[in-house]
There are 2 protein chains.
Amino acid sequence: MAETDGSAPRVSAAEVQAQAEILQKYLDATEAPADLDDDRVRVSAFVAKHHNEGRKIAVVTSGGTAVNLEKRAVRFIDNFSTGRRGAATVEHLLERGYAVVMLSRQGSAAPFARTLQDATSTAFDSKFMDCLVVDEATGAVRIECKADTAAASLVQAIREHQSFTKNGMLLHISFKYLSDYMLKLRMCGECAAPAGPSAIFILAAAVSDFHIPPDQMAEHKIQSRSGPLSLDLSQVPKALGVLRFHWAPHSFFVSFKLETDHDILISKAQQSIEKYDMHMVVANELLSRYKRISLVTRAGETIVTKRSEEEEVEIPMVEALCAAHAQFCSDAPKA
Amino acid sequence: MAETDGSAPRVSAAEVQAQAEILQKYLDATEAPADLDDDRVRVSAFVAKHHNEGRKIAVVTSGGTAVNLEKRAVRFIDNFSTGRRGAATVEHLLERGYAVVMLSRQGSAAPFARTLQDATSTAFDSKFMDCLVVDEATGAVRIECKADTAAASLVQAIREHQSFTKNGMLLHISFKYLSDYMLKLRMCGECAAPAGPSAIFILAAAVSDFHIPPDQMAEHKIQSRSGPLSLDLSQVPKALGVLRFHWAPHSFFVSFKLETDHDILISKAQQSIEKYDMHMVVANELLSRYKRISLVTRAGETIVTKRSEEEEVEIPMVEALCAAHAQFCSDAPKA
């Protein structure tokens, strides 16, 4: 965005280089998830295909990251995040013609599938079983929704899911642990980089602040008999600046902030713009976040709100993100 | 069991009293979940009805407990546990005529519903959406399983679920956090106590060993900017002995152990019998636990194994638990 508003990024190249070195050390010491190489092939082919066909690409991260306390993890620190905002964002991006790579926490809300939760239950539980009916004639298993409107929404969601899946517009990549997330974020950054300004990164995942570095982690389950337990957690290496400046330096970046106080929220959003040169920060106040969202840029704060009882706030939010991304693309120097 | 094998329990009344006082202090300082009172009414009525009708009662705990790191929890420590063994155990107890109270972690495996995971996907995700088909003529939503055998199992599971639900044989109580689990365990203990020897407690939940005591917990989210984070975790107050001797002193108790080494496993199982006067301990070795289970009592070790490729090991396990419970009931002094 340095090109468009005339101001230089406030973060120094030396600072990003220092962060990159710390992050590199962490990634080198981290065991790669078994599916990383397969995922790289899939994301790389997905981006190449859609970029060649002239489509914009979105990489959306979603859900919370878990942090191992032991190498053979029995215990972990988790972050509360349902992933619903990320799932909603992906749906609306698809509707606007984006090809979407979704990097999300296993079991967190999935696009279209989230409709099942409103229509039936939150999980495969007893309440969900109560919604299943066996057709005595055919032996087919039917889902009966709690309400007719929910049934109609579910049918629509299944049709949309099938349509976008058939057209290959959505690619799912999953993580559970912070270490998987970090390695896959780098992979997605590197794979989407060739799309340059046509790629938008929407970083909605709730990433852990603290972890136990791989070289300090106990091999086996920490035993409970030996009295209290002291856990020394280190700060997680910062990845935002490295992704922005090193991995995908020509793309458009949106990050997220959540706070309870409006003034602290806006100040933190501005810091993300200063420190990491984010193009836009989606700033959420805890209590009003499903009604009202602040979009913060170097130019200032824009507020988007739910336009009716039925419409979710992610619709105007995605409209605004897409408009800003379109402007960014037309301002970008042509290759 | 002191009555049946002639030996006195090895734990002293003073020791249990000391544990009870520590636990009481913890429970007093713990905020009760909003549904605790409703759950108490439901469990109490359930036990009274089935006990009056001459049925045996099982209280089965299942899944892992989460531990808050902040009062308004954003972060928590979690335990890896799918809850599948608990869910399987509940199904086989129902088949043997038990009325079952299941105290389980929200979202962990549920009886009968676990079949959906084998037949479709692990969660409401994109893979599950791929299994949903809209009937164009009626608009009904059908679940198409990956394989015919899975479809047959799902149909059978739905029918069994409906039958046991219609007959009111299964009551679900849920928890997420350790604090909810502890308060609801006491509630279940107190509510099932009137059933005396007819009640069996099967304690399969993976309960956290460490927590932050309520009076030491930060009110708000721990901020990440101030360098590393040191967490001092205390041992969770012991509840097993208090449940066994104070809350439901005349019932039958089964607890669970999981280790990688057989000798350590059996020694730990014997300790649970010594320290908490468990009637039986289900001892699992990590790698072989879905094929072979050791059942440890004061009398020694009995091994149960899977009897065929199709039959799960929880079937002979539940048979053995029920046989031991039946013996306990017939040995118990008549009221």
# chains A, B, ... in the order shown; residues from 1 in each chain; ligands from 1

call {"tool": "calpha_fit_and_write", "arguments": {"fixed": "chain B", "moving": "chain A", "output": "compact mmCIF listing (two decimals) with C-alpha atoms, in the first residue's frame"}}
result
# COMPACT_ATOMS: atom_id res chain seq x y z
CA MET A 1 -16.14 -54.85 49.13
CA ALA A 2 -14.76 -55.02 52.66
CA GLU A 3 -17.72 -57.26 53.42
CA THR A 4 -17.03 -59.74 50.64
CA ASP A 5 -13.29 -60.38 50.77
CA GLY A 6 -12.79 -59.95 54.49
CA SER A 7 -10.06 -57.31 54.13
CA ALA A 8 -10.48 -53.75 55.42
CA PRO A 9 -10.12 -50.85 52.98
CA ARG A 10 -6.46 -49.71 53.08
CA VAL A 11 -7.27 -46.02 53.01
CA SER A 12 -7.84 -44.42 56.42
CA ALA A 13 -11.01 -42.49 57.25
CA ALA A 14 -8.80 -39.57 58.36
CA GLU A 15 -7.12 -39.46 54.97
CA VAL A 16 -10.45 -39.37 53.13
CA GLN A 17 -11.70 -36.71 55.55
CA ALA A 18 -8.65 -34.55 54.75
CA GLN A 19 -9.27 -34.99 51.00
CA ALA A 20 -12.95 -34.17 51.51
CA GLU A 21 -12.07 -30.88 53.23
CA ILE A 22 -9.70 -29.79 50.46
CA LEU A 23 -12.29 -30.75 47.84
CA GLN A 24 -15.07 -28.95 49.71
CA LYS A 25 -13.03 -25.73 49.78
CA TYR A 26 -12.45 -26.03 46.04
CA LEU A 27 -16.13 -26.72 45.28
CA ASP A 28 -17.23 -23.81 47.49
CA ALA A 29 -14.94 -21.42 45.56
CA THR A 30 -16.13 -22.72 42.18
CA GLU A 31 -18.85 -20.97 40.20
CA ALA A 32 -21.67 -23.43 39.47
CA PRO A 33 -22.66 -23.97 35.83
CA ALA A 34 -26.07 -22.49 34.97
CA ASP A 35 -27.65 -25.91 34.34
CA LEU A 36 -26.51 -27.63 37.57
CA ASP A 37 -29.81 -27.28 39.40
CA ASP A 38 -31.84 -28.46 36.42
CA ASP A 39 -29.50 -31.40 35.98
CA ARG A 40 -29.91 -32.32 39.65
CA VAL A 41 -33.69 -32.44 39.28
CA ARG A 42 -33.37 -34.62 36.16
CA VAL A 43 -30.82 -37.08 37.61
CA SER A 44 -32.65 -37.35 40.90
CA ALA A 45 -36.00 -38.14 39.20
CA PHE A 46 -34.29 -40.55 36.75
CA VAL A 47 -32.63 -42.54 39.53
CA ALA A 48 -35.80 -42.62 41.68
CA LYS A 49 -37.95 -43.86 38.79
CA HIS A 50 -35.62 -46.62 37.61
CA HIS A 51 -34.62 -47.72 41.10
CA ASN A 52 -38.29 -48.03 42.07
CA GLU A 53 -38.91 -50.09 38.94
CA GLY A 54 -36.11 -52.46 39.98
CA ARG A 55 -33.53 -51.48 37.37
CA LYS A 56 -29.82 -51.18 37.96
CA ILE A 57 -28.38 -47.69 37.48
CA ALA A 58 -25.04 -46.81 35.84
CA VAL A 59 -23.31 -43.43 36.06
CA VAL A 60 -20.71 -43.28 33.26
CA THR A 61 -18.27 -40.38 32.99
CA SER A 62 -16.54 -39.80 29.67
CA GLY A 63 -14.29 -37.41 27.73
CA GLY A 64 -11.62 -34.96 28.87
CA THR A 65 -11.96 -31.97 31.19
CA ALA A 66 -10.75 -28.51 30.16
CA VAL A 67 -9.03 -26.21 32.65
CA ASN A 68 -9.54 -22.42 32.44
CA LEU A 69 -6.47 -20.23 32.43
CA GLU A 70 -8.56 -17.06 32.84
CA LYS A 71 -11.94 -16.44 34.49
CA ARG A 72 -13.44 -15.13 31.26
CA ALA A 73 -11.86 -18.05 29.55
CA VAL A 74 -10.24 -17.48 26.20
CA ARG A 75 -7.50 -20.03 26.85
CA PHE A 76 -7.69 -23.38 28.55
CA ILE A 77 -5.64 -26.54 29.03
CA ASP A 78 -7.28 -29.57 27.46
CA ASN A 79 -6.84 -33.31 27.66
CA PHE A 80 -6.86 -35.46 24.59
CA SER A 81 -9.77 -37.91 24.87
CA THR A 82 -12.32 -38.84 22.21
CA GLY A 83 -14.80 -40.35 24.67
CA ARG A 84 -15.33 -43.37 22.41
CA ARG A 85 -14.81 -45.96 25.13
CA GLY A 86 -17.35 -44.23 27.37
CA ALA A 87 -19.88 -44.04 24.52
CA ALA A 88 -19.40 -47.73 23.67
CA THR A 89 -19.74 -48.68 27.35
CA VAL A 90 -23.03 -46.79 27.63
CA GLU A 91 -24.47 -48.61 24.59
CA HIS A 92 -23.64 -52.04 25.96
CA LEU A 93 -24.97 -51.18 29.43
CA LEU A 94 -28.28 -50.10 27.88
CA GLU A 95 -28.42 -53.38 25.95
CA ARG A 96 -28.03 -55.21 29.28
CA GLY A 97 -30.99 -53.36 30.84
CA TYR A 98 -29.19 -50.65 32.80
CA ALA A 99 -30.65 -47.16 33.13
CA VAL A 100 -27.68 -44.90 32.34
CA VAL A 101 -26.71 -41.38 33.40
CA MET A 102 -23.91 -40.28 31.07
CA LEU A 103 -21.77 -37.39 32.32
CA SER A 104 -19.71 -36.48 29.27
CA ARG A 105 -17.65 -33.74 27.70
CA GLN A 106 -19.58 -31.55 25.26
CA GLY A 107 -18.85 -32.68 21.71
CA SER A 108 -17.10 -35.93 22.71
CA ALA A 109 -18.30 -39.24 21.26
CA ALA A 110 -21.97 -39.94 22.06
CA PRO A 111 -23.61 -43.39 22.25
CA PHE A 112 -25.06 -44.51 18.88
CA ALA A 113 -24.11 -41.13 17.34
CA ARG A 114 -20.50 -42.37 17.20
CA THR A 115 -21.65 -44.58 14.31
CA LEU A 116 -22.03 -41.41 12.21
CA GLN A 117 -18.30 -40.84 12.42
CA ASP A 118 -17.51 -44.24 10.94
CA ALA A 119 -20.24 -43.84 8.32
CA THR A 120 -19.54 -40.26 7.21
CA SER A 121 -16.92 -37.96 8.74
CA THR A 122 -15.51 -36.94 12.13
CA ALA A 123 -17.43 -33.64 12.36
CA PHE A 124 -19.80 -31.27 10.58
CA ASP A 125 -17.21 -30.57 7.92
CA SER A 126 -16.88 -30.53 4.17
CA LYS A 127 -16.52 -34.34 4.08
CA PHE A 128 -19.81 -34.69 5.95
CA MET A 129 -21.48 -32.24 3.54
CA ASP A 130 -20.34 -34.53 0.70
CA CYS A 131 -22.51 -37.27 2.26
CA LEU A 132 -25.69 -35.16 2.14
CA VAL A 133 -28.08 -35.46 -0.80
CA VAL A 134 -31.16 -33.34 -1.47
CA ASP A 135 -34.08 -35.32 -2.90
CA GLU A 136 -35.19 -33.15 -5.81
CA ALA A 137 -38.82 -34.30 -5.63
CA THR A 138 -39.44 -33.84 -1.91
CA GLY A 139 -36.64 -31.48 -0.78
CA ALA A 140 -35.74 -34.02 1.93
CA VAL A 141 -32.08 -34.24 3.02
CA ARG A 142 -30.63 -37.76 2.98
CA ILE A 143 -27.37 -39.05 4.49
CA GLU A 144 -25.50 -41.27 2.04
CA CYS A 145 -22.86 -43.38 3.78
CA LYS A 146 -19.47 -44.21 2.38
CA ALA A 147 -20.22 -47.96 2.41
CA ASP A 148 -23.29 -50.22 2.61
CA THR A 149 -22.17 -51.85 5.85
CA ALA A 150 -21.76 -48.38 7.38
CA ALA A 151 -25.28 -47.51 6.20
CA ALA A 152 -26.71 -50.63 7.85
CA SER A 153 -24.87 -49.87 11.11
CA LEU A 154 -26.16 -46.29 11.06
CA VAL A 155 -29.76 -47.41 10.56
CA GLN A 156 -29.40 -49.87 13.43
CA ALA A 157 -27.81 -47.21 15.66
CA ILE A 158 -30.64 -44.73 14.97
CA ARG A 159 -33.25 -47.38 15.80
CA GLU A 160 -31.50 -48.30 19.05
CA HIS A 161 -31.07 -44.64 19.98
CA GLN A 162 -34.77 -44.02 19.37
CA SER A 163 -35.81 -47.08 21.34
CA PHE A 164 -33.69 -46.28 24.42
CA THR A 165 -34.62 -42.58 24.26
CA LYS A 166 -38.34 -43.35 23.97
CA ASN A 167 -38.11 -45.63 26.99
CA GLY A 168 -36.24 -42.98 28.98
CA MET A 169 -33.30 -45.31 29.66
CA LEU A 170 -30.54 -42.77 28.95
CA LEU A 171 -29.96 -39.36 30.51
CA HIS A 172 -27.22 -37.06 29.18
CA ILE A 173 -25.48 -34.56 31.44
CA SER A 174 -22.63 -32.53 29.96
CA PHE A 175 -19.55 -30.61 31.04
CA LYS A 176 -16.71 -28.79 29.39
CA TYR A 177 -14.57 -27.47 32.22
CA LEU A 178 -13.06 -29.35 35.16
CA SER A 179 -15.06 -27.18 37.56
CA ASP A 180 -18.36 -28.18 35.90
CA TYR A 181 -17.28 -31.82 35.93
CA MET A 182 -16.44 -31.78 39.65
CA LEU A 183 -19.72 -30.13 40.67
CA LYS A 184 -21.75 -32.45 38.45
CA LEU A 185 -19.86 -35.53 39.64
CA ARG A 186 -20.81 -34.68 43.22
CA MET A 187 -24.39 -34.08 42.11
CA CYS A 188 -24.50 -37.46 40.30
CA GLY A 189 -22.95 -39.17 43.34
CA GLU A 190 -25.49 -37.68 45.71
CA CYS A 191 -28.43 -38.39 43.38
CA ALA A 192 -27.41 -42.00 42.67
CA ALA A 193 -26.55 -42.79 46.31
CA PRO A 194 -30.15 -43.76 47.20
CA ALA A 195 -29.83 -46.67 44.72
CA GLY A 196 -27.05 -48.05 46.96
CA PRO A 197 -25.48 -51.28 45.66
CA SER A 198 -27.70 -51.19 42.54
CA ALA A 199 -25.70 -48.20 41.26
CA ILE A 200 -22.43 -48.69 39.39
CA PHE A 201 -20.07 -45.77 38.77
CA ILE A 202 -17.89 -46.20 35.69
CA LEU A 203 -15.37 -43.37 35.76
CA ALA A 204 -13.92 -43.24 32.25
CA ALA A 205 -13.47 -39.45 31.99
CA ALA A 206 -9.91 -38.18 31.51
CA VAL A 207 -9.79 -35.73 34.41
CA SER A 208 -7.08 -33.05 34.47
CA ASP A 209 -4.30 -33.52 37.02
CA PHE A 210 -3.42 -29.82 37.23
CA HIS A 211 -5.39 -26.59 37.35
CA ILE A 212 -5.28 -22.96 38.48
CA PRO A 213 -7.28 -22.71 41.73
CA PRO A 214 -10.28 -20.34 41.38
CA ASP A 215 -8.82 -17.79 43.84
CA GLN A 216 -5.57 -17.50 41.83
CA MET A 217 -7.10 -17.08 38.40
CA ALA A 218 -6.70 -13.88 36.34
CA GLU A 219 -9.97 -12.06 35.65
CA HIS A 220 -9.17 -11.08 32.04
CA LYS A 221 -7.20 -12.43 29.12
CA ILE A 222 -3.50 -12.68 29.90
CA GLN A 223 -1.82 -10.12 27.61
CA SER A 224 0.96 -11.32 25.36
CA ARG A 225 3.24 -8.31 25.10
CA SER A 226 5.00 -8.64 28.43
CA GLY A 227 7.48 -11.39 27.50
CA PRO A 228 7.31 -15.02 28.61
CA LEU A 229 4.49 -16.40 30.75
CA SER A 230 4.92 -18.54 33.81
CA LEU A 231 1.91 -20.63 34.80
CA ASP A 232 1.85 -22.17 38.24
CA LEU A 233 -0.54 -25.08 38.25
CA SER A 234 -1.71 -26.86 41.39
CA GLN A 235 -2.81 -30.45 41.72
CA VAL A 236 -6.53 -30.93 41.26
CA PRO A 237 -8.18 -32.00 44.54
CA LYS A 238 -8.71 -35.76 44.63
CA ALA A 239 -12.39 -36.65 44.24
CA LEU A 240 -12.30 -40.43 43.81
CA GLY A 241 -12.06 -41.31 47.51
CA VAL A 242 -14.64 -38.69 48.51
CA LEU A 243 -17.12 -39.96 45.91
CA ARG A 244 -16.50 -43.56 46.99
CA PHE A 245 -16.70 -43.08 50.78
CA HIS A 246 -18.80 -39.94 51.33
CA TRP A 247 -21.10 -39.25 48.38
CA ALA A 248 -22.19 -42.77 47.35
CA PRO A 249 -20.68 -45.14 49.96
CA HIS A 250 -22.76 -48.23 49.13
CA SER A 251 -22.32 -48.34 45.36
CA PHE A 252 -19.98 -50.24 43.03
CA PHE A 253 -16.96 -48.37 41.63
CA VAL A 254 -14.93 -48.87 38.47
CA SER A 255 -12.10 -46.50 37.53
CA PHE A 256 -9.75 -46.44 34.52
CA LYS A 257 -5.97 -46.32 34.03
CA LEU A 258 -4.02 -45.81 30.82
CA GLU A 259 -0.24 -46.34 30.59
CA THR A 260 2.32 -47.45 28.03
CA ASP A 261 4.07 -50.02 30.25
CA HIS A 262 2.20 -53.12 31.47
CA ASP A 263 3.94 -53.44 34.86
CA ILE A 264 3.51 -49.74 35.74
CA LEU A 265 -0.11 -50.04 34.60
CA ILE A 266 -0.94 -52.97 36.89
CA SER A 267 0.88 -51.38 39.80
CA LYS A 268 -1.07 -48.11 39.32
CA ALA A 269 -4.34 -50.03 39.07
CA GLN A 270 -3.54 -51.78 42.36
CA GLN A 271 -2.79 -48.40 43.96
CA SER A 272 -6.27 -47.13 42.95
CA ILE A 273 -7.76 -50.19 44.66
CA GLU A 274 -5.64 -49.63 47.77
CA LYS A 275 -6.04 -45.86 48.00
CA TYR A 276 -9.62 -45.38 46.88
CA ASP A 277 -11.07 -48.84 47.48
CA MET A 278 -12.19 -49.12 43.87
CA HIS A 279 -13.98 -52.43 43.28
CA MET A 280 -12.46 -52.78 39.83
CA VAL A 281 -9.94 -50.92 37.68
CA VAL A 282 -10.05 -51.10 33.89
CA ALA A 283 -6.36 -51.07 32.99
CA ASN A 284 -5.50 -50.08 29.41
CA GLU A 285 -2.20 -50.34 27.63
CA LEU A 286 -1.95 -47.53 25.09
CA LEU A 287 -1.17 -49.63 22.01
CA SER A 288 -3.39 -52.66 22.63
CA ARG A 289 -6.36 -50.99 24.34
CA TYR A 290 -8.86 -51.66 21.57
CA LYS A 291 -8.03 -55.39 21.57
CA ARG A 292 -7.24 -56.33 25.15
CA ILE A 293 -8.15 -54.94 28.57
CA SER A 294 -7.01 -55.98 32.05
CA LEU A 295 -9.63 -55.89 34.77
CA VAL A 296 -7.91 -55.57 38.14
CA THR A 297 -9.60 -56.32 41.47
CA ARG A 298 -8.32 -57.15 44.95
CA ALA A 299 -8.48 -60.79 43.81
CA GLY A 300 -6.13 -60.24 40.87
CA GLU A 301 -6.06 -59.51 37.16
CA THR A 302 -8.52 -60.83 34.55
CA ILE A 303 -7.92 -60.19 30.86
CA VAL A 304 -10.74 -59.65 28.38
CA THR A 305 -10.08 -59.64 24.65
CA LYS A 306 -11.97 -58.92 21.44
CA ARG A 307 -13.68 -62.18 20.44
CA SER A 308 -13.89 -61.47 16.71
CA GLU A 309 -12.83 -58.87 14.16
CA GLU A 310 -16.30 -57.26 14.23
CA GLU A 311 -16.95 -57.30 17.97
CA GLU A 312 -15.50 -54.44 19.97
CA VAL A 313 -13.60 -55.15 23.18
CA GLU A 314 -16.10 -53.06 25.21
CA ILE A 315 -18.67 -55.88 24.83
CA PRO A 316 -16.77 -58.50 26.90
CA MET A 317 -15.59 -55.66 29.16
CA VAL A 318 -19.16 -54.59 29.96
CA GLU A 319 -20.16 -58.27 30.41
CA ALA A 320 -17.43 -58.63 33.04
CA LEU A 321 -18.37 -55.35 34.78
CA CYS A 322 -22.02 -56.40 34.91
CA ALA A 323 -21.14 -59.84 36.29
CA ALA A 324 -18.98 -58.29 39.03
CA HIS A 325 -21.70 -55.75 39.82
CA ALA A 326 -24.36 -58.52 40.02
CA GLN A 327 -22.16 -60.45 42.46
CA PHE A 328 -21.66 -57.27 44.51
CA CYS A 329 -25.44 -56.70 44.64
CA SER A 330 -26.17 -60.25 45.81
CA ASP A 331 -23.38 -60.02 48.45
CA ALA A 332 -24.60 -56.64 49.75
CA PRO A 333 -26.40 -56.62 53.11
CA LYS A 334 -30.14 -56.30 52.50
CA ALA A 335 -31.67 -52.99 53.70

call {"tool": "select_by_dssp", "arguments": {"residues": "segment 146-235 of chain A", "states": "strand (DSSP E or B)", "output": "JSON, numbers by chain"}}
result
{"A": [170, 171, 172, 173, 174, 175, 177, 199, 200, 201, 202, 203, 206, 210, 211, 218, 229, 230, 231, 232, 233, 234, 235]}
